[in-house]
Amino acid sequence: MSKYLPLGKISFGMGDRFAHQGKAQLRACVLATDLGADVVPVWNKSNREHTFIGTEPSSLRAEADAAVKALGWKKSYHVDADHIRLETVDRFIAPSDFFTIDVADTIGKPAPAADVKAFIDRHPELTGKLSIPHIDRPLEISRSEVERVANKFLLAVQDAGRIYRHIAKAKGEANFITEVSMDETDSPQTPHELLIILAALADEKVPLQTIAPKFTGRFNKGVDYVGDVQQFEKEFNEDLAVIAFAVKKYGLPASLKLSVHSGSDKFSIYEPIRKALKKFDAGLHIKTAGTTWLEELIGLAEAGGDGLEIAREIYAYAIQHVDEFCAPYATVIDIDKQKLPTAAAVNAWTSEQFVAALRHDQSNPAYNRSFRQLLHVSFKVAAKMGDRYYAALKKHEAVIAKNVIENLFDRHMKPLLLESHKPVKNSRSLEAVPA
Ligand SMILES: [Zn+2]
């Protein structure tokens, strides 16, 4: 296997659409690390987000470096070119040291028949009974099933190899981390499919350290997991077992771990995830992006005055363009239009009402997940406001930072990483706001 830049065991992907919350996000990592949960911060932004907002990948590197400098962070951190492909990767190569190679588009397109046959012949161990530690019953995969899975995924894996080699040639293989993502596709990958995919990626000599499968259930943007939590737990544990097995069997990097995309706000699966990581002594990468943009809106609303005004205006525009804004995200949101308040109603809301509807506190009866999801996909409205939005972020930095930190640290890092967490209000994060 080629050389690679090592990635720490627990890493937290943090997206920041408008590039003003880097310090607050890092502050959450400091708090977790202080409590013994070493978190490696990774700032991620996809090509799609850069295009929507009108930013260049180098701006994310600048933001990460500035936050690290301001807080005196001495440990590792990374900048992730999120969901790139061969056509989009070039402008990311210099400023990024983490690449999420998205091969979802080629899943399901058959590889050349000779390649499929060669793969099956090369891997007789995949056919028949296969005992994997920590999976109750041996996997039983027939030759025709290996062929079906290879037909579905081999071209995507070859695609990942091509993109990996393109980056390695430009950047040097020891200088970056590779993730392969398959999450943006229709059907979840089963543990035995994951095993076959990992065997194929090892053949392609992709030294991947994180892999993002599509898990069972719905990972809607900015809201809790929707699905069968027990089924998720079983599958997640089996995926970890498969990864541990594949690392040994195929010589993949020992740091290889799962990456959970759209991982923010999935509160009901954090406990099963934490237990599984403990059981397997496994690492995790989790991506949280839009949740920080929503905390910006919450902070603006909480600030009142011109901040609340902006938050109301963004909603008023969003509700007029519901269908347009939701269309690109159809598979990752579930909005009940009946539950969306009118613009007139929201324009009469106080700070408290706006915050209560938007903040992800499921114990609050005023919390409105349809309202939250619509605003999640409406960040383009803030981008259109331009300087006025940025000026408000600066003006209300303290109250926004408080919300960004509390959200990442109290609602995400604590339940995921710390066993004895209590969801206490006024926890340390609220006092430790950067000036
Ligand atoms: Zn993703």
# chains A, B, ... in the order shown; residues from 1 in each chain; ligands from 1
$ residues_near_ligand --ligand "ligand 1" --cutoff "8 Å" --atoms "only C-alpha atoms and all ligand atoms" --output "VMD selection string"
chain A and resid 82 to 83 181 to 184 212 260 to 262 287
$ select_by_dssp --residues "segment 328-409 of chain A" --states "alpha helix (DSSP H)" --output "PyMOL selection string"
chain A and resi 343-347+351-358+369-376+379-385+387-395+397-405
$ write_last_selection --atoms "C-alpha atoms" --output "PDB file, in the first residue's frame"
ATOM      1  CA  ALA A 343     -43.875  34.540   6.312  1.00  0.00           C
ATOM      2  CA  ALA A 344     -46.348  36.894   7.995  1.00  0.00           C
ATOM      3  CA  ALA A 345     -46.449  34.717  11.103  1.00  0.00           C
ATOM      4  CA  VAL A 346     -42.663  34.511  11.318  1.00  0.00           C
ATOM      5  CA  ASN A 347     -42.337  38.250  10.753  1.00  0.00           C
ATOM      6  CA  SER A 351     -36.329  36.192  19.135  1.00  0.00           C
ATOM      7  CA  GLU A 352     -37.442  33.487  21.543  1.00  0.00           C
ATOM      8  CA  GLN A 353     -40.074  32.155  19.148  1.00  0.00           C
ATOM      9  CA  PHE A 354     -37.687  32.035  16.203  1.00  0.00           C
ATOM     10  CA  VAL A 355     -34.979  30.338  18.262  1.00  0.00           C
ATOM     11  CA  ALA A 356     -37.402  27.824  19.772  1.00  0.00           C
ATOM     12  CA  ALA A 357     -38.679  26.761  16.352  1.00  0.00           C
ATOM     13  CA  LEU A 358     -35.196  26.416  14.880  1.00  0.00           C
ATOM     14  CA  ARG A 369     -38.334  20.187  12.018  1.00  0.00           C
ATOM     15  CA  SER A 370     -39.919  21.264   8.742  1.00  0.00           C
ATOM     16  CA  PHE A 371     -38.987  24.889   9.449  1.00  0.00           C
ATOM     17  CA  ARG A 372     -35.459  23.746  10.339  1.00  0.00           C
ATOM     18  CA  GLN A 373     -34.995  21.682   7.182  1.00  0.00           C
ATOM     19  CA  LEU A 374     -36.252  24.433   4.909  1.00  0.00           C
ATOM     20  CA  LEU A 375     -33.798  26.897   6.424  1.00  0.00           C
ATOM     21  CA  HIS A 376     -31.058  24.294   6.173  1.00  0.00           C
ATOM     22  CA  PHE A 379     -28.275  29.224   2.709  1.00  0.00           C
ATOM     23  CA  LYS A 380     -28.221  30.612  -0.826  1.00  0.00           C
ATOM     24  CA  VAL A 381     -30.463  33.429   0.401  1.00  0.00           C
ATOM     25  CA  ALA A 382     -27.791  34.516   2.870  1.00  0.00           C
ATOM     26  CA  ALA A 383     -25.179  34.205   0.128  1.00  0.00           C
ATOM     27  CA  LYS A 384     -27.275  36.572  -1.995  1.00  0.00           C
ATOM     28  CA  MET A 385     -27.421  39.101   0.847  1.00  0.00           C
ATOM     29  CA  ASP A 387     -21.975  41.984   2.631  1.00  0.00           C
ATOM     30  CA  ARG A 388     -25.042  42.666   4.719  1.00  0.00           C
ATOM     31  CA  TYR A 389     -25.036  39.058   5.939  1.00  0.00           C
ATOM     32  CA  TYR A 390     -21.284  39.053   6.591  1.00  0.00           C
ATOM     33  CA  ALA A 391     -21.516  42.330   8.509  1.00  0.00           C
ATOM     34  CA  ALA A 392     -24.228  40.826  10.734  1.00  0.00           C
ATOM     35  CA  LEU A 393     -22.045  37.768  11.398  1.00  0.00           C
ATOM     36  CA  LYS A 394     -19.259  40.069  12.574  1.00  0.00           C
ATOM     37  CA  LYS A 395     -21.518  42.286  14.629  1.00  0.00           C
ATOM     38  CA  GLU A 397     -20.100  37.143  16.606  1.00  0.00           C
ATOM     39  CA  ALA A 398     -20.284  36.511  20.354  1.00  0.00           C
ATOM     40  CA  VAL A 399     -23.866  35.252  20.457  1.00  0.00           C
ATOM     41  CA  ILE A 400     -23.395  33.192  17.290  1.00  0.00           C
ATOM     42  CA  ALA A 401     -20.163  31.637  18.586  1.00  0.00           C
ATOM     43  CA  LYS A 402     -21.903  30.650  21.807  1.00  0.00           C
ATOM     44  CA  ASN A 403     -24.524  28.753  19.789  1.00  0.00           C
ATOM     45  CA  VAL A 404     -22.001  27.159  17.416  1.00  0.00           C
ATOM     46  CA  ILE A 405     -19.895  25.884  20.324  1.00  0.00           C
TER      47      ILE A 405
END
$ closest_residue --among "A:Glu204, A:Thr331, A:Asp121, A:Leu277" --to "Ser187 of chain A" --atoms "only C-alpha atoms"
A:Thr331
$ select_by_dssp --residues "segment 248-325 of chain A" --states "strand (DSSP E or B)" --output "compact mmCIF listing (two decimals) with N, CA, C and O atoms, in the first residue's frame"
# COMPACT_ATOMS: atom_id res chain seq x y z
N LYS A 257 -11.42 3.78 8.88
CA LYS A 257 -12.61 3.88 9.74
C LYS A 257 -13.80 4.35 8.94
O LYS A 257 -13.67 4.79 7.79
N LEU A 258 -14.96 4.26 9.55
CA LEU A 258 -16.18 4.72 8.89
C LEU A 258 -16.27 6.24 8.93
O LEU A 258 -15.83 6.89 9.88
N SER A 259 -16.88 6.78 7.91
CA SER A 259 -17.18 8.20 7.87
C SER A 259 -18.70 8.33 7.76
O SER A 259 -19.32 7.72 6.89
N VAL A 260 -19.29 9.06 8.69
CA VAL A 260 -20.75 9.24 8.68
C VAL A 260 -21.06 10.61 8.09
O VAL A 260 -20.77 11.64 8.70
N LEU A 284 -13.59 7.00 14.23
CA LEU A 284 -14.77 7.52 13.53
C LEU A 284 -14.45 8.85 12.88
O LEU A 284 -13.72 9.66 13.45
N HIS A 285 -15.00 9.04 11.69
CA HIS A 285 -15.04 10.38 11.11
C HIS A 285 -16.50 10.73 10.94
O HIS A 285 -17.29 9.90 10.49
N ILE A 286 -16.87 11.91 11.35
CA ILE A 286 -18.27 12.31 11.20
C ILE A 286 -18.32 13.69 10.57
O ILE A 286 -17.53 14.56 10.92
N LYS A 287 -19.19 13.84 9.59
CA LYS A 287 -19.28 15.13 8.90
C LYS A 287 -20.52 15.88 9.34
O LYS A 287 -21.64 15.34 9.32
N THR A 288 -20.30 17.08 9.77
CA THR A 288 -21.38 17.97 10.19
C THR A 288 -21.15 19.27 9.44
O THR A 288 -20.10 19.85 9.56
$ closest_atom_pairs --of "segment 76-126 of chain A" --to "segment 140-150 of chain A" --cutoff "7 Å" --atoms "only C-alpha atoms" --output "JSON lines"
{"residue": "A:Val116", "atom": "CA", "partner": "A:Ala150", "partner_atom": "CA", "distance": 6.1}
{"residue": "A:Ile120", "atom": "CA", "partner": "A:Glu147", "partner_atom": "CA", "distance": 6.9}
{"residue": "A:Leu126", "atom": "CA", "partner": "A:Ile141", "partner_atom": "CA", "distance": 6.8}
$ closest_residue --among "A:Ile135, A:Val39, A:Ala160, A:Ala246" --to "Val103 of chain A" --atoms "only C-alpha atoms"
A:Ala160
$ residues_around --residues "Ile163 of chain A" --least-positions-apart "4" --cutoff "10 Å" --atoms "only C-alpha atoms" --output "JSON, numbers by chain"
{"A": [84, 85, 86, 87, 89, 99, 101, 102, 103, 157, 158, 159, 167, 168, 169, 206]}
$ residues_around --residues "Leu297 of chain A" --least-positions-apart "3" --cutoff "9 Å" --atoms "only C-alpha atoms" --output "list of chain:residue names"
A:Thr292, A:Trp293, A:Leu294, A:Leu300, A:Ala301, A:Glu302, A:Gly307, A:Leu308, A:Ile310, A:Ala311, A:Val355, A:Leu358, A:Leu375, A:Ile400
$ closest_residue --among "A:Thr190, A:Asn237, A:Asn151, A:Thr55" --to "Ala276 of chain A" --atoms "only C-alpha atoms"
A:Asn237
$ closest_residue --among "A:Ile314, A:Pro415, A:Ile243, A:Thr350" --to "His134 of chain A" --atoms "only C-alpha atoms"
A:Ile243
$ closest_residue --among "A:Thr88, A:Ser46, A:Thr178, A:Ser420" --to "Lys3 of chain A" --atoms "only C-alpha atoms"
A:Thr178
$ residues_around --residues "Gly217 of chain A" --least-positions-apart "4" --cutoff "9 Å" --atoms "only C-alpha atoms" --output "list in words"
Pro188, Tyr225, Val226, Gly227, Asp228, Val229, Gln231 and Phe232 of chain A
$ atom_distance --atom1 "atom CA of Gly161 of chain A" --atom2 "atom CA of His192 of chain A"
20.8 Å
$ atom_distance --atom1 "atom CA of Gly386 of chain A" --atom2 "atom CA of Ser96 of chain A"
25.4 Å
$ closest_residue --among "A:Tyr77, A:Phe245, A:Phe325, A:Trp349" --to "Arg312 of chain A" --atoms "only C-alpha atoms"
A:Trp349
$ atom_distance --atom1 "atom CA of Lys23 of chain A" --atom2 "atom CA of Trp73 of chain A"
10.3 Å
$ residues_around --residues "Glu56 of chain A" --least-positions-apart "2" --cutoff "12 Å" --atoms "only C-alpha atoms" --output "NGL selection string"
:A and (17-19 or 45-54 or 58-63 or 81 or 88-96)
$ write_last_selection --atoms "N, CA, C and O atoms" --output "short mmCIF file (atom, residue, chain, number, x, y, z; two decimals), in the first residue's frame"
data_model
loop_
_atom_site.label_atom_id
_atom_site.label_comp_id
_atom_site.auth_asym_id
_atom_site.auth_seq_id
_atom_site.Cartn_x
_atom_site.Cartn_y
_atom_site.Cartn_z
N ARG A 17 -20.23 27.20 5.87
CA ARG A 17 -20.53 27.78 4.55
C ARG A 17 -19.97 29.18 4.37
O ARG A 17 -19.43 29.50 3.32
N PHE A 18 -20.11 30.04 5.39
CA PHE A 18 -19.73 31.44 5.22
C PHE A 18 -18.39 31.79 5.86
O PHE A 18 -18.02 32.94 5.96
N ALA A 19 -17.68 30.76 6.32
CA ALA A 19 -16.29 30.90 6.74
C ALA A 19 -16.06 31.88 7.88
O ALA A 19 -15.02 32.52 7.97
N LYS A 45 -15.60 21.38 2.81
CA LYS A 45 -16.54 22.14 1.98
C LYS A 45 -16.53 21.51 0.60
O LYS A 45 -15.46 21.27 0.03
N SER A 46 -17.70 21.23 0.09
CA SER A 46 -17.79 20.54 -1.19
C SER A 46 -17.71 21.51 -2.35
O SER A 46 -17.90 22.72 -2.19
N ASN A 47 -17.47 20.96 -3.51
CA ASN A 47 -17.45 21.77 -4.71
C ASN A 47 -18.79 22.48 -4.90
O ASN A 47 -18.85 23.65 -5.25
N ARG A 48 -19.86 21.74 -4.63
CA ARG A 48 -21.21 22.30 -4.76
C ARG A 48 -21.38 23.52 -3.85
O ARG A 48 -21.91 24.56 -4.25
N GLU A 49 -20.92 23.40 -2.60
CA GLU A 49 -21.07 24.53 -1.67
C GLU A 49 -20.22 25.73 -2.10
O GLU A 49 -20.67 26.87 -2.03
N HIS A 50 -18.99 25.45 -2.53
CA HIS A 50 -18.16 26.55 -3.02
C HIS A 50 -18.85 27.26 -4.19
O HIS A 50 -18.83 28.48 -4.29
N THR A 51 -19.46 26.48 -5.06
CA THR A 51 -20.10 27.06 -6.24
C THR A 51 -21.32 27.90 -5.83
O THR A 51 -21.49 29.03 -6.31
N PHE A 52 -22.14 27.38 -4.91
CA PHE A 52 -23.32 28.12 -4.44
C PHE A 52 -22.94 29.44 -3.78
O PHE A 52 -23.58 30.46 -3.97
N ILE A 53 -21.91 29.40 -2.96
CA ILE A 53 -21.54 30.59 -2.17
C ILE A 53 -20.62 31.50 -2.96
O ILE A 53 -20.50 32.69 -2.66
N GLY A 54 -19.94 30.94 -3.97
CA GLY A 54 -19.01 31.75 -4.74
C GLY A 54 -17.65 31.88 -4.07
O GLY A 54 -17.05 32.95 -4.08
N SER A 58 -9.24 27.63 -1.55
CA SER A 58 -8.16 28.20 -0.75
C SER A 58 -8.70 29.00 0.45
O SER A 58 -8.02 29.15 1.46
N SER A 59 -9.94 29.50 0.34
CA SER A 59 -10.50 30.28 1.45
C SER A 59 -10.75 29.39 2.68
O SER A 59 -10.69 29.86 3.81
N LEU A 60 -11.02 28.12 2.45
CA LEU A 60 -11.24 27.21 3.58
C LEU A 60 -9.92 26.94 4.31
O LEU A 60 -9.86 26.91 5.54
N ARG A 61 -8.86 26.77 3.53
CA ARG A 61 -7.52 26.61 4.13
C ARG A 61 -7.18 27.86 4.96
O ARG A 61 -6.69 27.75 6.09
N ALA A 62 -7.46 29.04 4.40
CA ALA A 62 -7.15 30.28 5.12
C ALA A 62 -7.92 30.35 6.44
O ALA A 62 -7.37 30.72 7.48
N GLU A 63 -9.18 29.96 6.38
CA GLU A 63 -10.01 29.99 7.59
C GLU A 63 -9.46 29.02 8.65
O GLU A 63 -9.34 29.37 9.83
N ALA A 81 -11.34 18.39 0.83
CA ALA A 81 -12.00 18.66 -0.45
C ALA A 81 -13.15 17.66 -0.55
O ALA A 81 -12.97 16.51 -0.92
N THR A 88 -13.55 18.02 -10.92
CA THR A 88 -13.64 19.17 -10.02
C THR A 88 -12.45 19.30 -9.08
O THR A 88 -12.33 20.28 -8.36
N VAL A 89 -11.55 18.32 -9.05
CA VAL A 89 -10.57 18.26 -7.96
C VAL A 89 -9.43 19.28 -8.08
O VAL A 89 -8.87 19.70 -7.07
N ASP A 90 -9.12 19.71 -9.30
CA ASP A 90 -7.85 20.42 -9.47
C ASP A 90 -7.67 21.67 -8.60
O ASP A 90 -6.63 21.86 -8.00
N ARG A 91 -8.71 22.49 -8.49
CA ARG A 91 -8.52 23.71 -7.70
C ARG A 91 -8.43 23.41 -6.20
O ARG A 91 -8.11 24.29 -5.38
N PHE A 92 -8.74 22.17 -5.80
CA PHE A 92 -8.65 21.79 -4.39
C PHE A 92 -7.27 21.24 -4.01
O PHE A 92 -6.97 21.09 -2.83
N ILE A 93 -6.46 20.87 -5.02
CA ILE A 93 -5.27 20.09 -4.70
C ILE A 93 -4.29 20.84 -3.80
O ILE A 93 -3.84 20.31 -2.78
N ALA A 94 -3.98 22.08 -4.13
CA ALA A 94 -3.00 22.81 -3.31
C ALA A 94 -3.51 23.07 -1.88
O ALA A 94 -2.80 22.76 -0.92
N PRO A 95 -4.72 23.61 -1.69
CA PRO A 95 -5.10 23.96 -0.31
C PRO A 95 -5.61 22.81 0.55
O PRO A 95 -5.79 23.00 1.75
N SER A 96 -5.85 21.62 0.00
CA SER A 96 -6.46 20.55 0.79
C SER A 96 -5.45 19.46 1.11
O SER A 96 -4.49 19.24 0.36
#
